[in-house]
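Peer 1: One structure is given below, represented as structure tokens, and several questions about it will come after.
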Amino acid sequence: MPFSVLVDTKYETEAPPPAPQLYAALSDLGHELRFTQYLRPRMPLPDQAQALRLPEGVPLLTILRVTYTLADKPLALEELRLPGNDLELSYPL
């Protein structure tokens with residue numbers, strides 16, 4: 001999170017909560033939120049495959065989720081890495 005978002009809040013001296021509680025905390029600070037997710041499938045690097053215990057040939061899905069204000073000011077960035085062999089994503093349109 002940008003430090004400027006935390007100025008004059010209780011999070012100036014204590015760590016903000018992790019997601020998904022982070023979204024409620026940002027809303028409580030008066031921010032109206034919107035999200036953009038960037039999805040990228042790729043083959044994992046050898047150390048990533050080992051750390052995630054991925055079998056050979058299993059892709060890695062990286063999701064970057066950026067939380068913005070309605071005025072497009074970025075508030076938070078999350079990165080998720082998931083094995084792609086047993087994953088289904090669903091988005092309402």
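Chain identifiers are assigned as A, B, and so on, following the order in which chains appear in the structure tokens; residues are numbered from 1 within each chain, and ligands are numbered from 1 in order of appearance.
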Among chain A, which residues carry a DSSP assignment of strand (DSSP E), reported as a ChimeraX atom specification?
Peer 2: /A:33-42,60-69,74-83
Peer 1: Please identify all polymer residues within 8 Å of Thr69 of chain A, counting only C-alpha atoms, omitting same-chain residues fewer than 6 positions from it, and present them as a ChimeraX atom specification.
Peer 2: /A:31-34,75
Peer 1: Might you pull out every residue within 9 Å of segment 22-29 of chain A, with only C-alpha atoms counted and same-chain residues fewer than 5 positions away left off, and present them as a ChimeraX atom specification?
Peer 2: /A:5,9,16-17,67,75-76
Peer 1: Would you mind reading off the distance between atom CA of Leu64 of chain A and atom CA of Leu77 of chain A, one decimal, in Å?
Peer 2: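 The value is 7.0 Å.
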Peer 1: If we count only C-alpha atoms, what is near Pro59 of chain A at a cut-off of 7 Å, once residues fewer than 5 positions away on the same chain are taken out, given as a PDB file with N, CA, C and O atoms, in the first residue's frame?
Peer 2:
ATOM      1  N   PRO A  41      -0.721 -17.143 -17.320  1.00  0.00           N
ATOM      2  CA  PRO A  41      -0.263 -18.526 -17.182  1.00  0.00           C
ATOM      3  C   PRO A  41       1.137 -18.664 -17.789  1.00  0.00           C
ATOM      4  O   PRO A  41       1.456 -18.021 -18.783  1.00  0.00           O
ATOM      5  N   ARG A  42       1.953 -19.477 -17.170  1.00  0.00           N
ATOM      6  CA  ARG A  42       3.290 -19.749 -17.706  1.00  0.00           C
ATOM      7  C   ARG A  42       3.831 -20.992 -17.030  1.00  0.00           C
ATOM      8  O   ARG A  42       3.310 -21.450 -16.020  1.00  0.00           O
ATOM      9  N   MET A  43       4.886 -21.500 -17.572  1.00  0.00           N
ATOM     10  CA  MET A  43       5.553 -22.624 -16.949  1.00  0.00           C
ATOM     11  C   MET A  43       6.408 -22.086 -15.806  1.00  0.00           C
ATOM     12  O   MET A  43       7.047 -21.048 -15.933  1.00  0.00           O
ATOM     13  N   PRO A  44       6.397 -22.753 -14.648  1.00  0.00           N
ATOM     14  CA  PRO A  44       7.151 -22.256 -13.494  1.00  0.00           C
ATOM     15  C   PRO A  44       8.655 -22.438 -13.685  1.00  0.00           C
ATOM     16  O   PRO A  44       9.101 -23.328 -14.416  1.00  0.00           O
ATOM     17  N   PRO A  83      -1.195 -23.321  -8.837  1.00  0.00           N
ATOM     18  CA  PRO A  83      -0.966 -24.366  -9.834  1.00  0.00           C
ATOM     19  C   PRO A  83      -2.131 -24.379 -10.823  1.00  0.00           C
ATOM     20  O   PRO A  83      -3.294 -24.241 -10.440  1.00  0.00           O
ATOM     21  N   GLY A  84      -1.803 -24.517 -12.080  1.00  0.00           N
ATOM     22  CA  GLY A  84      -2.829 -24.443 -13.113  1.00  0.00           C
ATOM     23  C   GLY A  84      -3.423 -25.770 -13.531  1.00  0.00           C
ATOM     24  O   GLY A  84      -4.252 -25.816 -14.431  1.00  0.00           O
ATOM     25  N   ASN A  85      -3.045 -26.858 -12.875  1.00  0.00           N
ATOM     26  CA  ASN A  85      -3.527 -28.164 -13.330  1.00  0.00           C
ATOM     27  C   ASN A  85      -4.929 -28.494 -12.837  1.00  0.00           C
ATOM     28  O   ASN A  85      -5.600 -29.331 -13.400  1.00  0.00           O
TER      29      ASN A  85
END
Peer 1: When you look at Gln48 of chain A with a cut-off of 12 Å (counting only C-alpha atoms), what residues show up, excluding the ones that are within fewer than 6 positions of it in the same chain? I need them as a PyMOL selection string.
Peer 2: chain A and resi 42+54-56+58-62+81-83
Peer 1: Could those selected residues go to a file with N, CA and C atoms, as a JSON list (two decimals), in the first residue's frame?
Peer 2:
[["chain", "number", "residue", "atom", "x", "y", "z"],
["A", 42, "ARG", "N", 1.95, -19.48, -17.17],
["A", 42, "ARG", "CA", 3.29, -19.75, -17.71],
["A", 42, "ARG", "C", 3.83, -20.99, -17.03],
["A", 54, "LEU", "N", 4.94, -28.72, -7.65],
["A", 54, "LEU", "CA", 4.22, -28.92, -8.90],
["A", 54, "LEU", "C", 4.86, -30.07, -9.68],
["A", 55, "PRO", "N", 4.05, -31.00, -10.15],
["A", 55, "PRO", "CA", 4.59, -32.04, -11.02],
["A", 55, "PRO", "C", 5.10, -31.44, -12.33],
["A", 56, "GLU", "N", 6.00, -32.15, -12.98],
["A", 56, "GLU", "CA", 6.55, -31.67, -14.25],
["A", 56, "GLU", "C", 5.42, -31.45, -15.26],
["A", 58, "VAL", "N", 3.19, -29.00, -15.23],
["A", 58, "VAL", "CA", 2.03, -28.27, -14.71],
["A", 58, "VAL", "C", 2.32, -26.77, -14.77],
["A", 59, "PRO", "N", 1.43, -26.00, -15.43],
["A", 59, "PRO", "CA", 1.65, -24.56, -15.52],
["A", 59, "PRO", "C", 1.35, -23.85, -14.20],
["A", 60, "LEU", "N", 1.88, -22.65, -14.10],
["A", 60, "LEU", "CA", 1.67, -21.79, -12.95],
["A", 60, "LEU", "C", 0.80, -20.62, -13.41],
["A", 61, "LEU", "N", -0.21, -20.29, -12.64],
["A", 61, "LEU", "CA", -1.05, -19.14, -12.95],
["A", 61, "LEU", "C", -0.72, -18.05, -11.95],
["A", 62, "THR", "N", -0.29, -16.90, -12.46],
["A", 62, "THR", "CA", -0.01, -15.75, -11.61],
["A", 62, "THR", "C", -1.15, -14.75, -11.79],
["A", 81, "ARG", "N", 0.00, -16.90, -6.72],
["A", 81, "ARG", "CA", 0.57, -17.91, -7.62],
["A", 81, "ARG", "C", -0.10, -19.22, -7.31],
["A", 82, "LEU", "N", -0.73, -19.79, -8.35],
["A", 82, "LEU", "CA", -1.53, -21.00, -8.17],
["A", 82, "LEU", "C", -1.16, -22.05, -9.21],
["A", 83, "PRO", "N", -1.19, -23.32, -8.84],
["A", 83, "PRO", "CA", -0.97, -24.37, -9.83],
["A", 83, "PRO", "C", -2.13, -24.38, -10.82]]
Peer 1: For Val66 of chain A, please output as a list in words all residues within 7 Å (counting only C-alpha atoms; exclusion window: fewer than 3 positions along the same chain).
Peer 2: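 Selected residues are Phe35, Thr36, Gln37, Pro74, Ala76, Leu77 and Glu78 of chain A.
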Peer 1: Can I get the selected residues back with N, CA, C and O atoms, as a tab-separated table (two decimals), in the first residue's frame?
Peer 2:
chain	number	residue	atom	x	y	z
A	35	PHE	N	-11.39	-2.98	-8.75
A	35	PHE	CA	-10.28	-3.93	-8.87
A	35	PHE	C	-10.01	-4.23	-10.34
A	35	PHE	O	-10.92	-4.29	-11.16
A	36	THR	N	-8.74	-4.46	-10.64
A	36	THR	CA	-8.33	-4.98	-11.94
A	36	THR	C	-7.41	-6.16	-11.66
A	36	THR	O	-6.51	-6.07	-10.83
A	37	GLN	N	-7.66	-7.27	-12.34
A	37	GLN	CA	-6.82	-8.46	-12.19
A	37	GLN	C	-6.12	-8.74	-13.51
A	37	GLN	O	-6.72	-8.64	-14.57
A	74	PRO	N	-4.03	3.90	-7.24
A	74	PRO	CA	-3.76	2.54	-6.74
A	74	PRO	C	-3.62	2.54	-5.23
A	74	PRO	O	-2.97	3.40	-4.65
A	76	ALA	N	-3.58	-0.88	-3.41
A	76	ALA	CA	-2.96	-2.14	-2.97
A	76	ALA	C	-2.65	-3.01	-4.19
A	76	ALA	O	-3.32	-2.92	-5.21
A	77	LEU	N	-1.64	-3.84	-4.02
A	77	LEU	CA	-1.25	-4.80	-5.05
A	77	LEU	C	-1.06	-6.15	-4.38
A	77	LEU	O	-0.34	-6.25	-3.38
A	78	GLU	N	-1.73	-7.16	-4.90
A	78	GLU	CA	-1.58	-8.52	-4.39
A	78	GLU	C	-1.09	-9.40	-5.53
A	78	GLU	O	-1.48	-9.21	-6.68
Peer 1: In chain A, what's helix (DSSP H, G or I) per DSSP? Answer as a PyMOL selection string?
Peer 2: chain A and resi 3-6+10-12+21-28+46-51
Peer 1: Rank nothing, just name the residue among A:Ala51, A:Ile63, A:Ala15, A:Leu93 nearest to Glu79 of chain A, using only C-alpha atoms.
Peer 2: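 Closest to Glu79 of chain A of all the choices is A:Ile63.
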Peer 1: Calculate how many Å separate atom CA of Leu80 of chain A from atom CA of Pro92 of chain A, rounding to one decimal.
Peer 2: 20.1 Å
